[in-house]
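**Q** Hey, dropping model-v4.cif in here, mmCIF, C-alpha atoms:
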data_input
loop_
_atom_site.label_atom_id
_atom_site.label_comp_id
_atom_site.auth_asym_id
_atom_site.auth_seq_id
_atom_site.Cartn_x
_atom_site.Cartn_y
_atom_site.Cartn_z
CA MET A 995 0.00 0.00 0.00
CA LYS A 996 2.78 2.38 0.93
CA SER A 997 4.29 2.21 -2.55
CA MET A 998 0.98 3.43 -3.99
CA TYR A 999 1.38 6.89 -2.47
CA PRO A 1000 4.47 7.99 -4.42
CA ARG A 1001 2.92 6.56 -7.54
CA ALA A 1002 -0.30 8.48 -6.97
CA GLY A 1003 1.73 11.57 -6.26
CA LEU A 1004 3.62 11.10 -9.49
CA ALA A 1005 0.40 10.66 -11.42
CA LEU A 1006 -1.00 13.83 -9.88
CA LEU A 1007 2.17 15.69 -10.77
CA CYS A 1008 1.94 14.43 -14.35
CA ALA A 1009 -1.68 15.52 -14.50
CA MET A 1010 -0.81 18.95 -13.19
CA ILE A 1011 1.96 19.36 -15.73
CA LEU A 1012 -0.34 18.21 -18.49
CA SER A 1013 -3.11 20.55 -17.43
CA ALA A 1014 -0.68 23.45 -17.25
CA CYS A 1015 0.04 22.72 -20.93
CA GLY A 1016 -3.70 22.87 -21.69
CA GLY A 1017 -4.38 19.18 -21.17
CA SER A 1018 -7.96 18.16 -20.51
CA GLY A 1019 -7.26 16.33 -17.26
CA GLY A 1020 -8.06 19.21 -14.93
CA GLY A 1021 -7.94 22.93 -14.38
CA ASN A 1022 -8.80 25.49 -11.80
CA LEU A 1023 -12.49 26.07 -12.43
CA GLN A 1024 -14.97 24.82 -9.83
CA LEU A 1025 -18.00 23.00 -11.14
CA ALA A 1026 -20.63 24.24 -8.72
CA GLY A 1027 -24.15 25.55 -8.35
CA SER A 1028 -27.14 26.04 -6.11
CA ILE A 1029 -29.99 23.76 -5.04
CA GLY A 1030 -33.50 24.79 -4.06
CA GLY A 1031 -36.22 22.79 -2.31
CA LEU A 1032 -34.18 19.73 -1.37
CA THR A 1033 -35.87 18.34 1.75
CA ARG A 1034 -35.30 14.59 1.34
CA PRO A 1035 -32.18 12.42 1.15
CA GLY A 1036 -30.96 10.45 -1.85
CA LEU A 1037 -29.95 13.03 -4.46
CA VAL A 1038 -26.95 12.02 -6.57
CA LEU A 1039 -25.65 14.42 -9.24
CA ILE A 1040 -23.40 13.33 -12.08
CA ASN A 1041 -21.16 15.25 -14.46
CA LYS A 1042 -21.80 13.12 -17.55
CA SER A 1043 -18.69 14.49 -19.26
CA THR A 1044 -16.41 12.83 -16.74
CA GLY A 1045 -18.67 10.37 -14.94
CA GLU A 1046 -17.95 12.02 -11.58
CA LYS A 1047 -20.81 11.57 -9.12
CA LEU A 1048 -21.71 13.70 -6.12
CA THR A 1049 -24.07 12.66 -3.32
CA VAL A 1050 -25.99 15.62 -1.88
CA ALA A 1051 -27.62 15.57 1.56
CA GLU A 1052 -31.11 16.96 2.22
CA GLY A 1053 -31.22 20.62 3.14
CA THR A 1054 -28.15 21.39 1.01
CA THR A 1055 -28.32 24.66 -0.92
CA VAL A 1056 -24.87 24.71 -2.57
CA PHE A 1057 -22.88 21.93 -4.23
CA VAL A 1058 -19.32 21.72 -5.58
CA PHE A 1059 -17.87 18.83 -7.56
CA THR A 1060 -14.46 17.69 -6.31
CA ARG A 1061 -12.74 17.63 -9.69
CA PHE A 1062 -11.80 20.98 -11.22
CA LEU A 1063 -12.50 21.84 -14.84
CA GLY A 1064 -10.17 23.31 -17.44
CA ILE A 1065 -11.10 26.31 -19.55
CA ASP A 1066 -13.58 25.31 -22.29
CA GLU A 1067 -13.92 21.81 -20.89
CA GLN A 1068 -17.45 20.54 -21.61
CA PHE A 1069 -19.58 19.77 -18.56
CA ASP A 1070 -23.05 18.25 -18.31
CA VAL A 1071 -24.52 18.05 -14.82
CA GLU A 1072 -27.53 15.74 -14.64
CA ILE A 1073 -29.61 14.07 -11.94
CA ASP A 1074 -28.19 10.57 -11.49
CA THR A 1075 -30.59 9.54 -8.71
CA GLN A 1076 -33.67 11.48 -7.62
CA PRO A 1077 -34.21 12.04 -3.87
CA SER A 1078 -37.01 10.04 -2.26
CA GLY A 1079 -40.44 11.43 -3.15
CA THR A 1080 -38.89 14.38 -4.96
CA LYS A 1081 -38.25 15.49 -8.52
CA CYS A 1082 -35.21 17.64 -9.19
CA VAL A 1083 -34.55 19.42 -12.48
CA ALA A 1084 -31.19 20.83 -13.58
CA SER A 1085 -30.79 24.02 -15.58
CA GLU A 1086 -27.78 25.98 -16.88
CA ASN A 1087 -26.19 22.57 -16.53
CA ASN A 1088 -24.63 21.88 -19.92
CA ASN A 1089 -21.94 24.21 -21.21
CA LYS A 1090 -18.24 24.81 -21.78
CA ALA A 1091 -16.45 25.77 -18.60
CA ASN A 1092 -15.34 29.31 -17.88
CA VAL A 1093 -15.54 31.58 -14.84
CA TYR A 1094 -19.05 32.58 -15.83
CA THR A 1095 -20.64 29.22 -16.67
CA SER A 1096 -19.09 26.66 -14.34
CA THR A 1097 -20.52 27.88 -11.03
CA ARG A 1098 -24.07 28.72 -12.01
CA VAL A 1099 -25.67 25.30 -12.38
CA GLN A 1100 -29.20 25.35 -10.92
CA ILE A 1101 -30.93 22.33 -9.35
CA ASN A 1102 -34.58 22.90 -8.44
CA CYS A 1103 -36.39 20.25 -6.42
CA SER A 1104 -40.00 19.84 -5.38
CA LEU A 1105 -41.89 17.06 -3.63
CA ASN A 1106 -43.93 14.93 -6.01
CA PRO A 1107 -47.44 16.45 -5.93
CA TRP A 1108 -50.34 14.07 -5.41
CA THR A 1109 -54.08 14.59 -5.21
CA LEU A 1110 -55.97 14.20 -1.93
CA SER A 1111 -59.49 12.91 -2.48
CA GLY A 1112 -62.27 10.73 -1.12
CA VAL A 1113 -66.01 10.34 -0.66
CA VAL A 1114 -68.74 11.85 1.49
CA GLN A 1115 -71.45 9.39 2.49
CA GLY A 1116 -74.95 10.27 3.64
CA LEU A 1117 -75.44 13.75 2.21
CA ALA A 1118 -79.03 14.46 1.14
CA ASP A 1119 -80.64 17.19 -0.90
CA ASP A 1120 -83.64 18.24 1.16
CA GLY A 1121 -85.20 20.00 -1.82
CA VAL A 1122 -85.57 23.30 -0.01
CA ALA A 1123 -84.20 26.19 -2.06
CA GLY A 1124 -81.58 28.21 -0.22
CA ASN A 1125 -80.66 25.42 2.16
CA ASN A 1126 -77.03 24.45 2.09
CA ASP A 1127 -77.00 20.66 1.82
CA GLY A 1128 -73.30 20.24 1.14
CA VAL A 1129 -70.32 20.03 3.47
CA THR A 1130 -67.15 22.14 3.36
CA LEU A 1131 -63.93 20.31 4.21
CA ALA A 1132 -60.60 21.92 5.09
CA ASN A 1133 -57.05 20.63 4.89
CA GLY A 1134 -55.74 23.61 6.82
CA PRO A 1135 -56.04 26.60 4.46
CA ASP A 1136 -57.20 24.46 1.50
CA THR A 1137 -60.95 23.94 1.32
CA VAL A 1138 -63.41 22.03 -0.84
CA TYR A 1139 -67.21 22.23 -0.90
CA VAL A 1140 -68.92 18.87 -1.51
CA PRO A 1141 -72.59 18.99 -2.59
CA PRO A 1142 -74.86 15.93 -2.37
CA SER A 1143 -74.52 13.49 -5.26
CA ALA A 1144 -76.99 13.93 -8.11
CA THR A 1145 -78.01 10.32 -7.55
CA THR A 1146 -80.02 10.12 -4.34
CA GLY A 1147 -78.25 8.06 -1.70
CA ALA A 1148 -74.98 7.77 -3.62
CA ALA A 1149 -71.70 8.84 -2.10
CA ALA A 1150 -70.35 12.17 -3.32
CA ASN A 1151 -66.79 12.20 -4.63
CA PHE A 1152 -64.46 15.12 -3.96
CA SER A 1153 -60.84 16.11 -4.29
CA PHE A 1154 -58.86 19.07 -3.01
CA ALA A 1155 -57.66 21.46 -5.70
CA ALA A 1156 -54.32 21.95 -3.93
CA THR A 1157 -52.00 18.95 -4.19
CA VAL A 1158 -50.01 17.54 -1.27
CA GLY A 1159 -46.31 16.72 -1.52
CA GLU A 1160 -45.24 13.09 -1.24
CA GLY A 1161 -44.44 12.25 2.39
CA SER A 1162 -46.16 15.41 3.67
CA PRO A 1163 -48.81 15.22 6.37
CA TYR A 1164 -52.44 16.18 5.85
CA GLY A 1165 -55.24 16.74 8.32
CA VAL A 1166 -58.80 17.14 7.07
CA THR A 1167 -61.58 18.65 9.18
CA VAL A 1168 -65.18 19.71 8.63
CA LEU A 1169 -65.18 23.48 8.20
CA SER A 1170 -68.93 23.93 7.81
CA GLN A 1171 -71.73 21.39 8.26
CA PRO A 1172 -74.69 20.89 5.91
CA SER A 1173 -78.00 22.35 7.10
CA ASN A 1174 -79.56 18.91 7.48
CA ARG A 1175 -76.72 16.59 8.47
CA ILE A 1176 -73.82 16.21 10.88
CA CYS A 1177 -70.66 15.03 9.16
CA SER A 1178 -67.41 13.76 10.55
CA LEU A 1179 -64.19 12.29 9.20
CA THR A 1180 -64.07 8.50 9.58
CA ALA A 1181 -61.06 7.47 7.47
CA PRO A 1182 -58.16 7.19 7.18
CA VAL A 1183 -57.26 6.91 10.84
CA THR A 1184 -53.60 7.68 11.46
CA ASN A 1185 -52.03 8.00 14.90
CA SER A 1186 -55.63 7.44 16.15
CA VAL A 1187 -56.81 10.66 14.50
CA ALA A 1188 -59.45 10.29 11.76
CA GLY A 1189 -58.97 12.27 8.56
CA THR A 1190 -55.21 12.57 8.87
CA GLY A 1191 -52.41 10.80 7.08
CA VAL A 1192 -49.14 11.05 5.24
CA MET A 1193 -49.24 11.39 1.44
CA PRO A 1194 -48.03 8.13 -0.11
CA ALA A 1195 -46.16 7.77 -3.43
CA GLY A 1196 -49.36 8.29 -5.40
CA ASN A 1197 -52.76 9.92 -5.18
CA ASP A 1198 -54.50 9.34 -1.86
CA ASN A 1199 -58.25 8.67 -2.17
CA ARG A 1200 -58.78 7.13 1.24
CA LEU A 1201 -60.67 10.04 2.82
CA VAL A 1202 -64.15 9.10 4.02
CA VAL A 1203 -66.61 11.58 5.52
CA THR A 1204 -69.77 10.12 7.04
CA CYS A 1205 -72.88 12.23 7.49
CA VAL A 1206 -75.93 11.38 9.60
CA ALA A 1207 -79.30 13.05 9.98
CA LYS A 1208 -79.48 15.70 12.69
CA MET B 452 -67.88 85.36 -31.63
CA LYS B 453 -65.03 85.62 -34.08
CA LEU B 454 -63.38 88.18 -31.89
CA SER B 455 -63.60 85.93 -28.81
CA TYR B 456 -61.95 83.05 -30.74
CA LEU B 457 -59.14 85.35 -31.58
CA GLY B 458 -58.89 86.37 -27.96
CA ALA B 459 -58.71 82.73 -26.90
CA ILE B 460 -55.98 81.99 -29.43
CA VAL B 461 -53.99 84.96 -28.20
CA ALA B 462 -54.40 83.84 -24.62
CA VAL B 463 -53.27 80.25 -25.45
CA SER B 464 -50.31 81.57 -27.40
CA ALA B 465 -49.36 83.82 -24.53
CA ALA B 466 -49.57 80.90 -22.11
CA ALA B 467 -47.45 78.76 -24.42
CA LEU B 468 -44.87 81.51 -24.63
CA VAL B 469 -44.75 81.88 -20.87
CA ALA B 470 -44.34 78.11 -20.48
CA GLY B 471 -41.57 78.18 -23.03
CA CYS B 472 -39.84 80.82 -20.92
CA GLY B 473 -39.76 78.50 -17.90
CA GLY B 474 -43.35 79.02 -16.82
CA LYS B 475 -44.99 76.40 -14.71
CA ALA B 476 -45.41 72.87 -16.07
CA GLU B 477 -48.09 70.77 -14.39
CA TYR B 478 -47.46 67.38 -12.82
CA SER B 479 -49.92 64.63 -11.92
CA VAL B 480 -49.46 63.07 -8.50
CA GLN B 481 -49.86 59.41 -9.47
CA GLY B 482 -48.54 55.91 -8.95
CA THR B 483 -49.00 52.16 -9.26
CA ILE B 484 -50.78 49.69 -6.95
CA ASN B 485 -50.10 45.98 -6.53
CA GLY B 486 -52.41 43.38 -4.99
CA LEU B 487 -55.37 45.57 -4.03
CA SER B 488 -58.36 43.20 -3.92
CA THR B 489 -60.74 44.82 -1.44
CA PRO B 490 -62.50 48.20 -1.37
CA GLY B 491 -61.89 51.02 1.08
CA LEU B 492 -58.46 52.39 0.22
CA GLN B 493 -58.26 56.18 0.49
CA LEU B 494 -55.13 58.11 -0.43
CA SER B 495 -54.35 61.69 0.60
CA ASN B 496 -52.10 64.40 -0.75
CA GLY B 497 -52.19 67.79 0.87
CA GLY B 498 -55.85 68.48 1.48
CA GLU B 499 -56.99 66.17 -1.27
CA THR B 500 -58.32 62.64 -0.69
CA ILE B 501 -59.23 60.06 -3.34
CA SER B 502 -60.94 56.68 -3.03
CA VAL B 503 -59.29 53.80 -4.87
CA PRO B 504 -61.57 50.89 -5.82
CA ALA B 505 -60.74 47.18 -5.41
CA GLY B 506 -58.69 45.84 -8.29
CA ALA B 507 -57.14 49.20 -9.19
CA THR B 508 -53.56 49.02 -10.44
CA SER B 509 -52.91 52.76 -10.57
CA PHE B 510 -54.09 56.05 -9.07
CA THR B 511 -53.97 59.71 -10.07
CA PHE B 512 -54.99 62.71 -7.99
CA PRO B 513 -57.31 64.97 -10.03
CA ARG B 514 -55.53 68.19 -9.05
CA GLN B 515 -52.21 68.68 -10.81
CA ILE B 516 -49.32 70.45 -9.10
CA GLY B 517 -46.77 72.87 -10.52
CA TYR B 518 -43.03 72.48 -10.87
CA GLY B 519 -41.32 72.62 -7.51
CA THR B 520 -44.51 72.02 -5.53
CA SER B 521 -44.00 69.39 -2.86
CA TYR B 522 -46.28 66.39 -2.49
CA ALA B 523 -46.75 63.76 0.20
CA VAL B 524 -49.00 60.81 -0.54
CA GLY B 525 -50.46 59.19 2.56
CA PHE B 526 -52.95 56.52 3.55
CA ALA B 527 -56.11 58.27 4.69
CA GLN B 528 -57.76 54.85 5.10
CA GLN B 529 -56.50 51.28 4.62
CA PRO B 530 -58.67 48.90 2.55
CA GLU B 531 -60.82 46.24 4.23
CA HIS B 532 -58.85 43.20 5.44
CA MET B 533 -55.64 44.44 3.82
CA LEU B 534 -52.51 46.39 4.65
CA CYS B 535 -51.02 48.64 1.96
CA GLN B 536 -47.49 50.00 2.11
CA PHE B 537 -45.34 52.23 -0.05
CA THR B 538 -42.77 50.41 -2.16
CA SER B 539 -41.09 53.65 -3.25
CA ILE B 540 -40.63 57.06 -1.68
CA ASN B 541 -44.02 58.76 -1.23
CA THR B 542 -42.85 62.35 -0.87
CA GLY B 543 -40.96 64.77 -3.08
CA SER B 544 -41.33 67.86 -5.18
CA ALA B 545 -42.68 67.99 -8.71
CA GLY B 546 -39.98 68.08 -11.36
CA GLN B 547 -37.40 66.04 -9.43
CA THR B 548 -38.21 63.26 -11.88
CA VAL B 549 -39.80 63.39 -15.34
CA ALA B 550 -43.05 62.12 -13.84
CA ILE B 551 -44.21 61.40 -10.31
CA SER B 552 -44.72 57.69 -9.63
CA VAL B 553 -45.44 56.40 -6.13
CA GLY B 554 -45.47 52.61 -5.70
CA ILE B 555 -48.00 50.93 -3.38
CA SER B 556 -48.23 47.23 -2.55
CA CYS B 557 -51.13 45.63 -0.65
CA ALA B 558 -51.47 42.25 1.04
CA ARG B 559 -54.05 40.51 3.19
CA ARG B 560 -53.48 41.09 6.87
CA VAL B 561 -52.42 37.95 8.72
CA TYR B 562 -53.21 36.97 12.29
CA ALA B 563 -51.86 34.41 14.73
CA LEU B 564 -53.62 31.07 15.26
CA GLY B 565 -53.30 29.75 18.78
CA GLY B 566 -54.84 28.93 22.13
CA GLN B 567 -54.23 26.96 25.30
CA PHE B 568 -53.28 23.40 26.16
CA THR B 569 -53.90 21.41 29.33
CA GLY B 570 -52.95 18.02 30.74
CA LEU B 571 -49.50 17.97 29.14
CA PHE B 572 -47.50 16.87 32.18
CA THR B 573 -43.82 15.99 32.38
CA ILE B 574 -42.98 12.29 32.79
CA PRO B 575 -41.65 12.24 36.38
CA ALA B 576 -38.19 10.95 37.19
CA ASN B 577 -38.19 7.24 37.99
CA GLY B 578 -35.10 5.70 39.55
CA ALA B 579 -32.24 6.19 37.11
CA THR B 580 -34.54 7.71 34.47
CA ALA B 581 -34.58 11.50 34.50
CA ALA B 582 -37.79 13.48 34.14
CA ALA B 583 -38.73 14.09 30.51
CA PRO B 584 -41.23 16.45 28.91
CA ARG B 585 -44.20 15.13 26.93
CA THR B 586 -44.97 16.59 23.54
CA VAL B 587 -47.89 16.84 21.16
CA THR B 588 -47.63 18.22 17.63
CA LEU B 589 -50.50 20.02 15.91
CA LEU B 590 -50.99 20.35 12.16
CA ASN B 591 -52.94 23.02 10.26
CA GLY B 592 -53.40 20.95 7.10
CA SER B 593 -50.66 20.29 4.58
CA ALA B 594 -49.95 23.96 3.86
CA GLY B 595 -50.64 25.71 7.17
CA GLY B 596 -47.61 24.64 9.20
CA GLN B 597 -47.31 22.81 12.48
CA VAL B 598 -46.51 23.55 16.10
CA GLN B 599 -45.08 21.32 18.80
CA LEU B 600 -46.40 21.71 22.33
CA VAL B 601 -44.04 20.71 25.15
CA SER B 602 -44.98 20.19 28.77
CA PRO B 603 -43.89 23.28 30.70
CA ALA B 604 -41.28 23.10 33.44
CA ASP B 605 -43.60 24.61 36.05
CA GLY B 606 -45.53 21.34 36.42
CA SER B 607 -48.89 22.87 35.51
CA GLY B 608 -49.19 20.85 32.30
CA ALA B 609 -50.81 23.93 30.76
CA GLY B 610 -49.77 26.88 28.64
CA ASP B 611 -50.38 29.05 25.62
CA PHE B 612 -49.30 28.30 22.06
CA ALA B 613 -49.51 29.73 18.56
CA PHE B 614 -48.56 28.44 15.11
CA SER B 615 -45.46 30.11 13.70
CA THR B 616 -47.29 30.42 10.36
CA PRO B 617 -50.00 33.08 10.69
CA VAL B 618 -53.31 32.83 8.81
CA ALA B 619 -54.57 35.49 6.40
CA ASP B 620 -57.85 37.26 7.05
CA GLY B 621 -60.58 35.26 5.30
CA GLN B 622 -58.50 32.09 5.05
CA ALA B 623 -59.67 28.77 6.48
CA TYR B 624 -57.83 26.80 9.15
CA GLY B 625 -58.33 23.26 10.37
CA VAL B 626 -56.16 21.96 13.19
CA THR B 627 -55.64 18.28 13.96
CA ILE B 628 -53.11 16.22 15.88
CA HIS B 629 -50.16 15.57 13.53
CA PRO B 630 -50.50 12.09 11.95
CA ASP B 631 -46.83 11.23 12.55
CA PRO B 632 -46.79 9.31 15.88
CA LYS B 633 -43.10 10.15 16.36
CA LEU B 634 -43.99 13.82 16.85
CA SER B 635 -46.27 13.28 19.86
CA SER B 636 -45.97 11.34 23.12
CA THR B 637 -47.58 7.94 22.73
CA ASP B 638 -48.96 7.56 26.26
CA ILE B 639 -51.47 10.42 26.08
CA ASN B 640 -54.59 11.16 24.05
CA CYS B 641 -55.07 14.76 23.02
CA THR B 642 -58.12 16.39 21.45
CA VAL B 643 -58.43 19.75 19.69
CA LYS B 644 -61.47 21.97 20.34
CA ASN B 645 -62.39 25.06 18.28
CA GLY B 646 -59.78 23.89 15.77
CA VAL B 647 -61.74 24.75 12.63
CA GLY B 648 -62.80 28.11 11.28
CA VAL B 649 -62.14 31.05 9.03
CA MET B 650 -59.72 33.76 10.18
CA GLY B 651 -61.40 37.05 11.04
CA GLU B 652 -59.91 40.44 11.81
CA ALA B 653 -58.16 39.42 15.02
CA ALA B 654 -55.87 36.65 16.24
CA VAL B 655 -57.53 33.33 17.11
CA THR B 656 -56.71 32.46 20.73
CA ASN B 657 -59.47 30.01 21.60
CA LEU B 658 -58.03 26.72 20.38
CA LEU B 659 -58.09 24.24 23.25
CA VAL B 660 -55.90 21.15 23.32
CA GLU B 661 -56.83 18.77 26.12
CA CYS B 662 -54.54 15.84 26.86
CA LYS B 663 -55.34 12.85 29.07
CA PRO B 664 -53.37 9.71 29.92
CA LYS B 665 -54.30 6.73 27.75
#
When written as structure tokens, how does the structure in this file appear?
**A**
Amino acid sequence: MKSMYPRAGLALLCAMILSACGGSGGGNLQLAGSIGGLTRPGLVLINKSTGEKLTVAEGTTVFVFTRFLGIDEQFDVEIDTQPSGTKCVASENNNKANVYTSTRVQINCSLNPWTLSGVVQGLADDGVAGNNDGVTLANGPDTVYVPPSATTGAAANFSFAATVGEGSPYGVTVLSQPSNRICSLTAPVTNSVAGTGVMPAGNDNRLVVTCVAK
Amino acid sequence: MKLSYLGAIVAVSAAALVAGCGGKAEYSVQGTINGLSTPGLQLSNGGETISVPAGATSFTFPRQIGYGTSYAVGFAQQPEHMLCQFTSINTGSAGQTVAISVGISCARRVYALGGQFTGLFTIPANGATAAAPRTVTLLNGSAGGQVQLVSPADGSGAGDFAFSTPVADGQAYGVTIHPDPKLSSTDINCTVKNGVGVMGEAAVTNLLVECKPK
């Protein structure tokens, strides 16, 4: 093992000499950029021009590849592995290296957005004009009004307009009751609280609201 | 009649001449407005007040001012539910710039969401095990933030809390226990009262979280 060190040192020296003569083996330009919205682990970036990979921890906002680039050396930073539940997109990521281009790669990440939906059972149109027979549900600031189904006795489907990020919590409550029913969340039950859950890797349609006559 | 036309022309010509000799140019006291979505905004300048309707993106005072005349635009009345602020300097004297342009930006007022908790007692020390606080985490839907309640050191098990994310006037809120069991103590059951509503024109302080041993 010991004999490897001088050899490695020699190789490095050779590389440095080469690069000083304009060789493509290195340079003094950092390949770097900024990252937004990275809240989950698992992101691996790759510079496709050299094959160098860089693992980036969640919460990171700045990244720097270890290997330096020479002037005019082509770089192409891509997403090698997406973080869990997240989609990252690279921009300003493919160019020839110079002081202007090589440190302005942008990686923008966002949690995969999924739809939160379900059914309301037991709503009834009482036929009286002006009466509010639907129920308004709230996932915090996001609300949805669910009227009775056109088919008497059938469950009414609903979905929230605002999506929920994969792995993010939701908690649905009844914001305003129908005039003729009392509704409550009955599913899903998470941590023994009905109407709450964590968004899976896909749309969640498990919400059930059950309404009974007053 | 002919004579009076002539008189008018002479008068206009004379005025034009005077203006050409450095006579007074007239300036409109005006500006741009961003985000105004409710009625009630009144702006003042000197003794003059104008009402600006909801949705307006600009304003102009009807009375023009001469070169060198100072102006100071102020808020005579804020719009309903909103707070408007100047985004550029609101005072000056006419002629400092080619045209007067005062920037105004408006946003919904936001208020705190909070209340009291009870029954959140510290786990007492037991032999080698030190005393440890109990926690319960509340969620205001997927987009409304969360807050962790911790048993206070004074042994009362009670205290006040508020979400760090305030709620805009007119926006819904719906508070539940956070679905992630790791964020709350597992040996207590907590319920949220008054946890659903629509934010009014004052902070909500009546949420009540009651915890009991399982």
**Q** Apply the PyMOL selection byres ((chain A) within 8 of (chain B)) to the file shown and report the selected residues as a tab-separated table (two decimals) with C-alpha atoms, in the frame of the given file.
**A**
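Generated file (selection22.tsv):
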chain	number	residue	atom	x	y	z
A	1132	ALA	CA	-60.60	21.92	5.09
A	1133	ASN	CA	-57.05	20.63	4.89
A	1134	GLY	CA	-55.74	23.61	6.82
A	1135	PRO	CA	-56.04	26.60	4.46
A	1136	ASP	CA	-57.20	24.46	1.50
A	1137	THR	CA	-60.95	23.94	1.32
A	1158	VAL	CA	-50.01	17.54	-1.27
A	1162	SER	CA	-46.16	15.41	3.67
A	1163	PRO	CA	-48.81	15.22	6.37
A	1164	TYR	CA	-52.44	16.18	5.85
A	1165	GLY	CA	-55.24	16.74	8.32
A	1166	VAL	CA	-58.80	17.14	7.07
A	1167	THR	CA	-61.58	18.65	9.18
A	1168	VAL	CA	-65.18	19.71	8.63
A	1169	LEU	CA	-65.18	23.48	8.20
A	1184	THR	CA	-53.60	7.68	11.46
A	1185	ASN	CA	-52.03	8.00	14.90
A	1187	VAL	CA	-56.81	10.66	14.50
A	1190	THR	CA	-55.21	12.57	8.87
A	1191	GLY	CA	-52.41	10.80	7.08
A	1192	VAL	CA	-49.14	11.05	5.24
**Q** Given the point (-12.4, 25.0, -18.6) in the file's coordinates, find the residues that have an atom at most 8 Å from it, counting all atoms listed in the file, and give them as number ranges by chain.
**A** A: 1021-1023, 1063-1068, 1090-1092
**Q** I need the residue nearest Cys1177 in chain A from this list: A:Asn1125, A:Thr1109, A:Thr1146, A:Gln1115. Use all atoms listed in the file for the distance.
**A**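 For Cys1177 in chain A, the nearest of the given residues is A:Gln1115.
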**Q** Report, in Å with one decimal, the straight-line distance from CA of Ser539 in chain B to CA of Gly554 in chain B.
**A**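 Taking CA of Ser539 in chain B as the start and CA of Gly554 in chain B as the end point, the length is 5.1 Å.
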**Q** Taking only C-alpha atoms into account, which of B:Ala563, B:Ala476, B:Val598, B:Met533 comes nearest Ile516 in chain B?
**A**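 Looking only at the distances to Ile516 in chain B, the closest residue turns out to be B:Ala476.
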**Q** Name every residue that the PyMOL selection byres ((chain B and resi 493-509) around 8) selects in this structure, writing the answer as a PyMOL selection string with chains first and numbers rising.
**A** chain B and resi 481-492+510-512+522-530
**Q** Write out as a PyMOL selection string each polymer residue whose atoms come within 10 Å of range 567-583 of chain B, counting all atoms listed in the file; drop sequence neighbours fewer than 3 positions from it.
**A** chain B and resi 586-587+600-613+636+639-643+656-664
**Q** Do you know which residues the PyMOL selection byres ((chain B and resi 479) around 9) returns on this file, as a ChimeraX atom specification?
**A** /B:477-478,480-481,511-517,545,550-552
